[in-house]
Structures are given as C-alpha cells and as structure tokens.
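Here's upload.cif, which has mmCIF, C-alpha atoms:
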```cif
data_query
loop_
_atom_site.label_atom_id
_atom_site.label_comp_id
_atom_site.auth_asym_id
_atom_site.auth_seq_id
_atom_site.Cartn_x
_atom_site.Cartn_y
_atom_site.Cartn_z
CA GLY G 1182 14.92 52.29 10.91
CA PHE G 1183 15.05 48.53 10.95
CA GLY G 1184 15.42 48.43 14.70
CA GLY G 1185 17.58 45.94 16.58
CA CYS G 1186 16.55 43.14 14.25
CA ALA G 1187 18.60 44.45 11.35
CA HIS G 1188 21.70 45.04 13.41
CA ARG G 1189 21.64 41.44 14.62
CA GLY G 1190 20.72 40.27 11.13
CA ARG G 1191 18.15 37.86 12.56
CA LEU G 1192 15.08 37.45 10.40
CA ARG G 1193 13.42 34.17 11.23
CA GLY G 1194 10.20 34.98 13.05
CA CYS G 1195 11.51 38.34 14.26
CA GLY G 1196 8.42 40.28 13.14
CA ARG G 1197 6.84 42.06 16.06
CA ARG G 1198 9.41 40.83 18.58
CA CYS G 1199 11.96 43.08 16.91
CA GLY G 1200 9.59 46.01 17.01
CA LEU G 1201 9.30 46.25 13.25
CA ARG G 1202 6.45 48.07 11.64
CA GLY G 1203 4.97 46.26 8.67
CA ASP G 1204 6.00 49.01 6.26
CA GLU G 1205 9.60 48.67 7.39
CA PHE G 1206 9.89 44.92 6.99
CA ALA G 1207 7.42 43.79 4.35
CA LEU G 1208 8.68 46.09 1.64
CA GLY G 1209 7.71 45.28 -1.92
CA ALA G 1210 8.24 46.81 -5.33
CA ALA G 1211 5.23 46.37 -7.58
CA LEU G 1212 5.31 46.21 -11.34
CA GLY G 1213 5.69 49.79 -12.52
CA ALA G 1214 7.55 50.69 -9.34
CA GLY G 1215 10.63 48.55 -9.73
CA GLY G 1216 9.48 45.56 -11.79
CA SER G 1217 11.09 44.70 -15.09
CA PRO G 1218 9.49 45.36 -18.47
CA GLY G 1219 7.03 42.57 -19.14
CA ALA G 1220 7.22 41.34 -15.55
CA GLY G 1221 3.81 39.70 -15.79
CA GLY G 1222 5.01 36.12 -15.67
CA GLY G 1223 1.53 34.87 -16.44
CA VAL G 1224 -0.44 37.91 -15.28
CA GLY G 1225 -3.58 36.55 -16.90
CA ASP G 1226 -3.68 33.74 -14.34
CA PHE G 1227 -3.93 36.11 -11.33
CA GLU G 1228 -2.78 33.34 -9.02
CA THR G 1229 -1.14 34.02 -5.68
CA GLU G 1230 2.43 32.72 -5.87
CA ALA G 1231 5.48 32.63 -3.61
CA ALA G 1232 9.26 32.26 -3.69
CA TRP G 1233 12.02 31.52 -1.22
CA LEU G 1234 14.53 34.32 -0.72
CA ASP G 1235 17.70 34.82 1.33
CA ALA G 1236 18.49 31.07 1.43
CA GLY G 1237 15.10 30.36 3.02
CA ARG G 1238 15.07 33.11 5.64
CA LEU G 1239 12.55 35.18 3.69
CA ILE G 1240 9.52 34.53 1.50
CA GLY G 1241 8.27 36.77 -1.27
CA LEU G 1242 4.49 36.54 -1.71
CA VAL G 1243 3.12 37.65 -5.08
CA THR G 1244 -0.48 38.88 -5.24
CA TYR G 1245 -2.35 40.76 -7.95
CA GLY G 1246 -4.03 44.13 -7.63
CA SER G 1247 -3.26 47.84 -7.67
CA SER G 1248 0.44 48.50 -8.25
CA SER G 1249 0.31 51.50 -5.91
CA CYS G 1250 -1.17 49.57 -2.97
CA VAL G 1251 1.20 46.72 -2.15
CA PRO G 1252 -0.10 44.52 0.70
CA VAL G 1253 1.96 44.66 3.89
CA VAL G 1254 2.47 41.50 5.94
CA GLU G 1255 1.51 42.27 9.53
CA ASP G 1256 2.03 38.77 10.93
CA ALA G 1257 3.07 35.27 9.82
CA THR G 1258 2.64 32.08 11.84
CA VAL G 1259 3.31 28.40 11.13
CA ALA G 1260 1.50 25.23 12.13
CA GLY G 1261 2.95 22.07 10.63
CA ASP G 1262 3.47 22.72 6.92
CA VAL G 1263 1.04 25.65 6.75
CA ILE G 1264 2.13 29.28 7.03
CA THR G 1265 -0.70 31.75 7.65
CA VAL G 1266 -0.04 35.33 6.59
CA THR G 1267 -2.07 38.27 7.84
CA PHE G 1268 -2.02 41.47 5.82
CA ALA G 1269 -2.26 44.80 7.60
CA LYS G 1270 -5.54 46.63 7.12
CA GLN G 1271 -5.30 49.14 4.30
CA GLU G 1272 -5.67 52.76 5.35
CA SER G 1273 -9.11 54.13 4.53
CA ASN G 1274 -7.63 57.13 2.71
CA ALA G 1275 -5.22 55.09 0.56
CA VAL G 1276 -5.23 56.08 -3.10
CA CYS G 1277 -4.94 52.97 -5.28
CA THR G 1278 -4.54 52.97 -9.04
CA ALA G 1279 -7.10 50.94 -11.01
CA ASP G 1280 -4.55 48.63 -12.65
CA MET G 1281 -4.01 44.91 -12.13
CA ALA G 1282 -0.37 44.05 -11.55
CA PRO G 1283 1.74 41.54 -9.63
CA ARG G 1284 2.95 42.94 -6.29
CA VAL G 1285 5.43 41.30 -3.92
CA SER G 1286 5.28 41.40 -0.14
CA VAL G 1287 8.35 40.12 1.71
CA PHE G 1288 8.23 38.58 5.18
CA GLY G 1289 10.47 36.57 7.48
CA VAL G 1290 9.94 32.81 7.57
CA PRO G 1291 8.25 32.04 10.92
CA GLU G 1292 10.40 30.32 13.52
CA GLY G 1293 9.76 26.58 13.51
CA THR G 1294 9.23 26.29 9.74
CA ASP G 1295 11.01 23.37 8.07
CA VAL G 1296 12.10 24.98 4.81
CA THR G 1297 13.28 21.64 3.43
CA GLU G 1298 9.65 20.45 3.30
CA ASP G 1299 6.87 21.69 1.00
CA VAL G 1300 4.78 24.43 2.61
CA ASN G 1301 1.38 25.92 1.91
CA ILE G 1302 0.89 29.65 2.49
CA LEU G 1303 -2.58 30.88 3.39
CA ILE G 1304 -3.67 34.52 3.37
CA ALA G 1305 -5.89 35.03 6.40
CA GLY G 1306 -9.44 36.17 5.68
CA THR G 1307 -9.30 35.05 2.03
CA ASP G 1308 -9.40 31.83 0.02
CA GLU G 1309 -6.02 32.67 -1.54
CA ASP G 1310 -3.05 30.38 -1.02
CA ALA G 1311 0.31 29.53 -2.54
CA ASP G 1312 2.49 26.42 -2.48
CA LEU G 1313 6.26 26.35 -2.08
CA ASP G 1314 8.45 23.33 -2.75
CA GLY G 1315 10.96 22.60 -0.01
CA LEU G 1316 14.55 23.69 -0.42
CA ASP G 1317 17.44 21.25 -0.73
CA ALA G 1318 18.91 22.58 2.51
CA ALA G 1319 18.00 24.96 5.31
CA PRO G 1320 20.14 28.10 5.80
CA ALA G 1321 23.20 27.40 7.93
CA ASP G 1322 22.42 30.41 10.11
CA THR G 1323 19.27 32.37 10.88
CA SER G 1324 21.28 35.59 10.46
CA THR G 1325 21.26 37.14 7.00
CA ASP G 1326 24.49 38.06 5.24
CA TYR G 1327 22.73 40.95 3.46
CA ALA G 1328 23.62 39.50 0.05
CA PRO G 1329 21.24 39.75 -2.92
CA SER G 1330 19.00 36.73 -3.44
CA ALA G 1331 16.36 35.54 -5.88
CA GLY G 1332 13.66 32.90 -6.24
CA TRP G 1333 11.30 31.64 -8.94
CA TYR G 1334 7.63 32.28 -8.16
CA ASN G 1335 6.25 30.42 -11.19
CA ASP G 1336 7.38 28.13 -14.01
CA LYS G 1337 6.94 30.78 -16.69
CA GLY G 1338 10.12 32.77 -16.08
CA GLY G 1339 8.80 34.95 -13.27
CA PHE G 1340 11.15 35.51 -10.34
CA ILE G 1341 11.69 37.82 -7.38
CA VAL G 1342 15.01 39.49 -6.67
CA ALA G 1343 15.72 40.85 -3.19
CA THR G 1344 18.42 43.33 -2.26
CA TRP G 1345 19.26 45.06 1.01
CA GLY G 1346 19.43 48.80 1.54
CA SER G 1347 17.40 51.94 2.17
CA SER G 1348 13.63 51.48 2.27
CA THR G 1349 13.15 54.76 0.41
CA CYS G 1350 15.54 53.91 -2.41
CA VAL G 1351 14.22 50.67 -3.89
CA PRO G 1352 16.24 49.85 -7.03
CA VAL G 1353 14.48 49.88 -10.39
CA ILE G 1354 15.09 47.11 -12.92
CA ASP G 1355 16.28 48.36 -16.30
CA ALA G 1356 16.81 45.11 -18.19
CA VAL G 1357 16.67 41.33 -17.77
CA GLU G 1358 18.03 38.90 -20.35
CA PRO G 1359 19.50 35.40 -20.51
CA THR G 1360 23.23 35.44 -21.25
CA GLY G 1361 23.64 31.69 -21.69
CA THR G 1362 21.93 28.42 -20.92
CA ALA G 1363 22.39 28.86 -17.15
CA ASP G 1364 22.85 32.60 -16.59
CA VAL G 1365 20.51 35.58 -16.47
CA ALA G 1366 21.81 39.16 -16.42
CA LEU G 1367 19.75 41.72 -14.50
CA THR G 1368 20.68 45.39 -14.70
CA PHE G 1369 19.33 48.02 -12.33
CA ALA G 1370 18.74 51.54 -13.63
CA THR G 1371 21.16 54.29 -12.68
CA PRO G 1372 19.49 56.35 -9.91
CA LYS G 1373 19.40 60.11 -9.68
CA GLU G 1374 22.45 61.46 -7.90
CA ASP G 1375 20.44 63.62 -5.51
CA ARG G 1376 17.87 61.05 -4.41
CA PRO G 1377 17.26 61.16 -0.63
CA CYS G 1378 17.78 57.78 1.05
CA THR G 1379 16.99 56.91 4.65
CA MET G 1380 19.74 55.21 6.65
CA ASP G 1381 17.85 51.99 7.37
CA MET G 1382 18.68 48.51 6.10
CA VAL G 1383 15.75 46.42 4.85
CA PRO G 1384 15.05 43.81 2.18
CA ARG G 1385 13.73 45.42 -1.02
CA ALA G 1386 11.99 43.21 -3.58
CA ASN G 1387 11.44 43.46 -7.32
CA ILE G 1388 9.43 41.23 -9.62
CA ALA G 1389 11.25 40.27 -12.82
CA GLN G 1390 10.57 38.18 -15.92
CA VAL G 1391 12.99 36.32 -18.17
CA ASP G 1392 12.10 34.49 -21.36
CA GLY G 1393 14.03 32.11 -23.57
CA LEU G 1394 15.43 29.70 -20.95
CA ALA G 1395 15.22 25.99 -21.69
CA THR G 1396 14.99 25.24 -17.97
CA GLN G 1397 14.69 27.08 -14.65
CA ASP G 1398 16.97 24.64 -12.84
CA ASP G 1399 20.35 25.85 -11.55
CA ILE G 1400 20.09 29.33 -13.07
CA THR G 1401 22.52 31.98 -11.82
CA LEU G 1402 21.43 35.61 -11.67
CA LEU G 1403 24.14 38.17 -12.47
CA LEU G 1404 23.45 41.59 -10.94
CA SER G 1405 24.76 45.02 -11.89
CA GLY G 1406 23.80 48.67 -11.63
CA ASP G 1407 22.76 51.02 -8.80
CA ASN G 1408 25.86 50.00 -6.80
CA ILE G 1409 24.57 46.41 -6.66
CA THR G 1410 26.90 43.70 -7.97
CA GLY G 1411 27.32 39.98 -7.54
CA SER G 1412 25.62 36.76 -8.44
CA THR G 1413 23.11 34.42 -6.80
CA LEU G 1414 21.39 31.17 -7.65
CA ILE G 1415 17.68 31.64 -8.34
CA LEU G 1416 16.01 29.36 -5.81
CA GLY G 1417 13.10 27.12 -6.65
#
```

Re-express the file's structure as structure tokens.
Amino acid sequence: GFGGCAHRGRLRGCGRRCGLRGDEFALGAALGAGGSPGAGGGVGDFETEAAWLDAGRLIGLVTYGSSSCVPVVEDATVAGDVITVTFAKQESNAVCTADMAPRVSVFGVPEGTDVTEDVNILIAGTDEDADLDGLDAAPADTSTDYAPSAGWYNDKGGFIVATWGSSTCVPVIDAVEPTGTADVALTFATPKEDRPCTMDMVPRANIAQVDGLATQDDITLLLSGDNITGSTLILG
C-alpha cells in the first residue's frame, strides 16, 4: 500500500520518511503502457524534461529509453534552486524492450523547495538535467486533494496527466484532442470489468500529446473515462 503517507495526504519530501518503496511512489506510465497515440512530443530530441503536477506537490520527470523499464525515483533532495534525483538501481534480471520512448517518473517535491522560483533538476550519476519554470503560486497546503492534475513538459504539445488510484490499474489514454482555443479533451479507455486492482492510493502518470493549439497558456484539460472525470488547468 501507500503507507501512512497516503492516508495523511502529505507528499512534500515524504519519500523514505513515509516508508514508501520507490515502486509504490514513483509510478509512471510509459508510451505504449498508458501514453496517448503519438505521445512523442518531440521524441527525436531525446531531452530530459519535467513538469509540475498536483499544484506543485509533485514533479513528473520525462526520460527516454525502454518503455518497459521506467526509471524509479529512489530519492530527491534540494539545495537552493537545484533538485537532485537519484534513480533506483535497475534489477539485473530486468527485461527491457529495445524501443526508445518517453517515460515519466513521478516524485514528491523535496521539502524546502520554492516552487515559485525556477528550478534545475539533475539526475545523479549522469549529465542529464531538466529545467522547470516557477509556478505563479505555491500550493496552499502540502496535503494533496487527490484530484487529477496535469503539466506541460515541453512547448510542443507534450504534457503529463496524473491521476490517483490503484498502482496496478494505471488508466490508458484512448484519445486526446483540442475542443476549443483553451480546452483539451482527454478520454481514458474503458477498462476490462474483471481487472484486479490493489487497494492502494498512489499517483499514476501518463504522457500525452496534443496538436493544433495556438498557445499552451491557460489551457484546461477535460477528463473522462475509466471512472475519472473533472477538469484541471495544465500547469507550465
């Protein structure tokens, strides 16, 4: 399960102090396992990118590699405006497909981070990094409200959508399309009725792509399908 952290709803810097295993907290849905059709968002660039989620309580980190081996964030620390992320060591017997796809790893923003200022995210042991522009305002509370959230990870229509629920039943995106100058409709596929779902509550992330918008400012995401409804402003 999500341990005591989920029941309190506190995410900021909870990490190991809440007793979370990396696979419980840093869940990600890679392209082909929950991403939308054409979710590349500039795949040819292969740049590490990031997006704010959950009003600035979470960050989604996009890396490129095997879609079946999504990196798991083991630890995240902050010093000034730099967040250093450490990925858990991949198991030696892991079977990874030989594709190159964007994968998203979600982690809690470390305690002490000023989310209203620009931050630089470094991946420990690599030369990879990602920049995030500061938000207009910090979240009013460090406790999540378990509502869906979304954030742009590039300026080419690529965004991350995060929902809360069972770690074994990550929703799958069926369609994404603009429905106006400031709205994007995202539909999740209808799941199988007999799918087994664990009773935990974790953030699940999907990478999505939308084309045809004149701007990425003040865009509202409209969600439907798989018992997920509502709307959220795409941050960034």

Open item on the list: Calculated over only C-alpha atoms, which of the candidates G:Thr1307, G:Ser1247, G:Thr1323, G:Thr1401 has the smallest distance to Thr1360 in chain G?
Closed with: G:Thr1401

TODO: May I have the residues within 10 Å of Ser1347 in chain G as a VMD selection string, using all atoms listed in the file and disregarding those fewer than 3 positions away in the same chain?
DONE: chain G and resid 1182 to 1183 1205 1344 1350 to 1352 1377 to 1385

- [ ] Please measure the separation of CA of Ala1321 in chain G and CA of Gly1338 in chain G, giving the value in Å to one decimal.
- [x]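 Pair CA of Ala1321 in chain G / CA of Gly1338 in chain G returns 27.9 Å.
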
- [ ] Find, counting all atoms listed in the file, the residue in G:Gly1417, G:Gly1332, G:Gly1246, G:Gly1261 that gets nearest to Ile1302 in chain G.
- [x]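 The shortest atom-to-atom distance to Ile1302 in chain G comes from G:Gly1261.
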
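When all atoms listed in the file are used to compute distances to Leu1416 in chain G, the closest of the residues G:Asp1314, G:Asp1295, G:Asp1256, G:Asp1355 turns out to be G:Asp1314.
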
- [ ] Mind giving me the straight-line distance from CA of Ala1363 in chain G to CA of Ile1400 in chain G in Å, one decimal?
- [x]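 So the two atoms, CA of Ala1363 in chain G and CA of Ile1400 in chain G, lie 4.7 Å apart.
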
- [ ] Using the chain letters and numbers from the file, give me the residues hit by the PyMOL selection byres ((chain G and resi 1271-1274) around 10), as number ranges by chain.
- [x] G: 1250-1253, 1268-1270, 1275-1277

Open item on the list: Please determine, counting all atoms listed in the file, which residue among G:Ala1366, G:Ile1415, G:Trp1345, G:Arg1376 has the shortest atom-to-atom distance to Trp1233 in chain G.
Closed with: G:Ile1415

Open item on the list: Applying 12 Å and all atoms listed in the file, which residues near Leu1414 in chain G remain after dropping the ones on its own chain fewer than 5 positions away? List them as a ChimeraX atom specification.
Closed with: /G:1233-1236,1328-1333,1340-1342,1363-1366,1397-1404

TODO: Record the distance separating CA of Ser1248 in chain G and CA of Ala1282 in chain G, expressed in Å with one decimal.
DONE: 5.6 Å

TODO: May I have the residues within 10 Å of Ile1264 in chain G as an MDAnalysis selection string, using all atoms listed in the file and disregarding those fewer than 6 positions away in the same chain?
DONE: chainID G and resid 1257:1258 1290:1291 1294 1300:1305 1310:1312

Would you kindly translate the PyMOL selection byres ((chain G and resi 1369) around 12) into the concrete residues it picks from this file, as a short mmCIF file (atom, residue, chain, number, x, y, z; two decimals) with C-alpha atoms, in the coordinates of the input?
```
data_model
loop_
_atom_site.label_atom_id
_atom_site.label_comp_id
_atom_site.auth_asym_id
_atom_site.auth_seq_id
_atom_site.Cartn_x
_atom_site.Cartn_y
_atom_site.Cartn_z
CA GLY G 1215 10.63 48.55 -9.73
CA GLY G 1216 9.48 45.56 -11.79
CA SER G 1217 11.09 44.70 -15.09
CA PRO G 1218 9.49 45.36 -18.47
CA VAL G 1342 15.01 39.49 -6.67
CA THR G 1344 18.42 43.33 -2.26
CA VAL G 1351 14.22 50.67 -3.89
CA PRO G 1352 16.24 49.85 -7.03
CA VAL G 1353 14.48 49.88 -10.39
CA ILE G 1354 15.09 47.11 -12.92
CA ASP G 1355 16.28 48.36 -16.30
CA ALA G 1356 16.81 45.11 -18.19
CA VAL G 1357 16.67 41.33 -17.77
CA ALA G 1366 21.81 39.16 -16.42
CA LEU G 1367 19.75 41.72 -14.50
CA THR G 1368 20.68 45.39 -14.70
CA ALA G 1370 18.74 51.54 -13.63
CA THR G 1371 21.16 54.29 -12.68
CA PRO G 1372 19.49 56.35 -9.91
CA ASN G 1387 11.44 43.46 -7.32
CA ALA G 1389 11.25 40.27 -12.82
CA LEU G 1403 24.14 38.17 -12.47
CA LEU G 1404 23.45 41.59 -10.94
CA SER G 1405 24.76 45.02 -11.89
CA GLY G 1406 23.80 48.67 -11.63
CA ASP G 1407 22.76 51.02 -8.80
CA ASN G 1408 25.86 50.00 -6.80
CA ILE G 1409 24.57 46.41 -6.66
CA THR G 1410 26.90 43.70 -7.97
#
```

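Picked by the PyMOL selection byres ((chain G and resi 1316) around 6) from the coordinates shown: Val1296, Thr1297, Gly1315, Asp1317 and Ala1318 of chain G.
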
I need the chosen residues saved as a CSV table (one decimal), keeping the file's coordinate frame, with C-alpha atoms.
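Contents of out_24.csv, as written:
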```csv
chain,number,residue,atom,x,y,z
G,1296,VAL,CA,12.1,25.0,4.8
G,1297,THR,CA,13.3,21.6,3.4
G,1315,GLY,CA,11.0,22.6,0.0
G,1317,ASP,CA,17.4,21.2,-0.7
G,1318,ALA,CA,18.9,22.6,2.5
```

Task: Nearest residue to Asp1299 in chain G from the set G:Ala1231, G:Met1281, G:Leu1394, G:Ala1386 (distances using all atoms listed in the file) - done: G:Ala1231

Can range 1264-1275 of chain G be brought up to all heavy atoms and written out as an mmCIF file, keeping the file's coordinate frame?
```cif
data_model
loop_
_atom_site.group_PDB
_atom_site.id
_atom_site.type_symbol
_atom_site.label_atom_id
_atom_site.label_comp_id
_atom_site.auth_asym_id
_atom_site.auth_seq_id
_atom_site.Cartn_x
_atom_site.Cartn_y
_atom_site.Cartn_z
ATOM 1 N N ILE G 1264 1.800 27.933 6.569
ATOM 2 C CA ILE G 1264 2.130 29.280 7.030
ATOM 3 C C ILE G 1264 0.926 30.178 6.764
ATOM 4 O O ILE G 1264 0.450 30.259 5.632
ATOM 5 C CB ILE G 1264 3.372 29.840 6.312
ATOM 6 C CG1 ILE G 1264 4.611 29.011 6.644
ATOM 7 C CG2 ILE G 1264 3.605 31.305 6.691
ATOM 8 C CD1 ILE G 1264 5.850 29.418 5.864
ATOM 9 N N THR G 1265 0.433 30.829 7.803
ATOM 10 C CA THR G 1265 -0.700 31.750 7.650
ATOM 11 C C THR G 1265 -0.193 33.174 7.731
ATOM 12 O O THR G 1265 0.460 33.560 8.704
ATOM 13 C CB THR G 1265 -1.762 31.508 8.739
ATOM 14 O OG1 THR G 1265 -2.230 30.156 8.644
ATOM 15 C CG2 THR G 1265 -2.936 32.452 8.557
ATOM 16 N N VAL G 1266 -0.485 33.936 6.701
ATOM 17 C CA VAL G 1266 -0.040 35.330 6.590
ATOM 18 C C VAL G 1266 -1.229 36.250 6.800
ATOM 19 O O VAL G 1266 -2.299 36.050 6.207
ATOM 20 C CB VAL G 1266 0.595 35.579 5.208
ATOM 21 C CG1 VAL G 1266 0.844 37.064 4.989
ATOM 22 C CG2 VAL G 1266 1.888 34.799 5.071
ATOM 23 N N THR G 1267 -1.036 37.251 7.623
ATOM 24 C CA THR G 1267 -2.070 38.270 7.840
ATOM 25 C C THR G 1267 -1.576 39.593 7.272
ATOM 26 O O THR G 1267 -0.497 40.071 7.648
ATOM 27 C CB THR G 1267 -2.378 38.437 9.342
ATOM 28 O OG1 THR G 1267 -2.810 37.179 9.869
ATOM 29 C CG2 THR G 1267 -3.462 39.477 9.558
ATOM 30 N N PHE G 1268 -2.352 40.165 6.364
ATOM 31 C CA PHE G 1268 -2.020 41.470 5.820
ATOM 32 C C PHE G 1268 -2.556 42.571 6.730
ATOM 33 O O PHE G 1268 -3.632 42.435 7.327
ATOM 34 C CB PHE G 1268 -2.624 41.662 4.421
ATOM 35 C CG PHE G 1268 -1.920 40.898 3.335
ATOM 36 C CD1 PHE G 1268 -2.640 40.329 2.299
ATOM 37 C CD2 PHE G 1268 -0.545 40.766 3.333
ATOM 38 C CE1 PHE G 1268 -2.006 39.620 1.285
ATOM 39 C CE2 PHE G 1268 0.106 40.061 2.330
ATOM 40 C CZ PHE G 1268 -0.621 39.490 1.303
ATOM 41 N N ALA G 1269 -1.789 43.648 6.837
ATOM 42 C CA ALA G 1269 -2.260 44.800 7.600
ATOM 43 C C ALA G 1269 -3.452 45.425 6.898
ATOM 44 O O ALA G 1269 -3.560 45.393 5.662
ATOM 45 C CB ALA G 1269 -1.130 45.825 7.738
ATOM 46 N N LYS G 1270 -4.366 45.976 7.684
ATOM 47 C CA LYS G 1270 -5.540 46.630 7.120
ATOM 48 C C LYS G 1270 -5.116 47.874 6.345
ATOM 49 O O LYS G 1270 -4.336 48.686 6.826
ATOM 50 C CB LYS G 1270 -6.525 47.012 8.221
ATOM 51 C CG LYS G 1270 -7.844 47.567 7.710
ATOM 52 C CD LYS G 1270 -8.808 47.861 8.855
ATOM 53 C CE LYS G 1270 -10.140 48.405 8.334
ATOM 54 N NZ LYS G 1270 -11.087 48.693 9.452
ATOM 55 N N GLN G 1271 -5.640 47.998 5.131
ATOM 56 C CA GLN G 1271 -5.300 49.140 4.300
ATOM 57 C C GLN G 1271 -5.929 50.413 4.858
ATOM 58 O O GLN G 1271 -7.069 50.406 5.315
ATOM 59 C CB GLN G 1271 -5.785 48.920 2.870
ATOM 60 C CG GLN G 1271 -5.349 49.978 1.886
ATOM 61 C CD GLN G 1271 -5.714 49.591 0.463
ATOM 62 O OE1 GLN G 1271 -5.091 48.719 -0.134
ATOM 63 N NE2 GLN G 1271 -6.740 50.203 -0.068
ATOM 64 N N GLU G 1272 -5.158 51.490 4.840
ATOM 65 C CA GLU G 1272 -5.670 52.760 5.350
ATOM 66 C C GLU G 1272 -6.875 53.208 4.522
ATOM 67 O O GLU G 1272 -6.902 53.048 3.302
ATOM 68 C CB GLU G 1272 -4.577 53.826 5.312
ATOM 69 C CG GLU G 1272 -3.403 53.520 6.241
ATOM 70 C CD GLU G 1272 -2.362 54.619 6.200
ATOM 71 O OE1 GLU G 1272 -2.603 55.641 5.514
ATOM 72 O OE2 GLU G 1272 -1.318 54.467 6.858
ATOM 73 N N SER G 1273 -7.867 53.762 5.198
ATOM 74 C CA SER G 1273 -9.110 54.130 4.530
ATOM 75 C C SER G 1273 -8.917 55.228 3.478
ATOM 76 O O SER G 1273 -9.688 55.331 2.532
ATOM 77 C CB SER G 1273 -10.148 54.594 5.564
ATOM 78 O OG SER G 1273 -9.648 55.697 6.311
ATOM 79 N N ASN G 1274 -7.862 56.029 3.655
ATOM 80 C CA ASN G 1274 -7.630 57.130 2.710
ATOM 81 C C ASN G 1274 -6.577 56.785 1.662
ATOM 82 O O ASN G 1274 -6.077 57.663 0.956
ATOM 83 C CB ASN G 1274 -7.217 58.390 3.465
ATOM 84 C CG ASN G 1274 -5.925 58.206 4.263
ATOM 85 O OD1 ASN G 1274 -5.455 57.072 4.430
ATOM 86 N ND2 ASN G 1274 -5.357 59.290 4.751
ATOM 87 N N ALA G 1275 -6.220 55.501 1.552
ATOM 88 C CA ALA G 1275 -5.220 55.090 0.560
ATOM 89 C C ALA G 1275 -5.743 55.326 -0.850
ATOM 90 O O ALA G 1275 -6.904 55.057 -1.157
ATOM 91 C CB ALA G 1275 -4.872 53.615 0.747
#
```
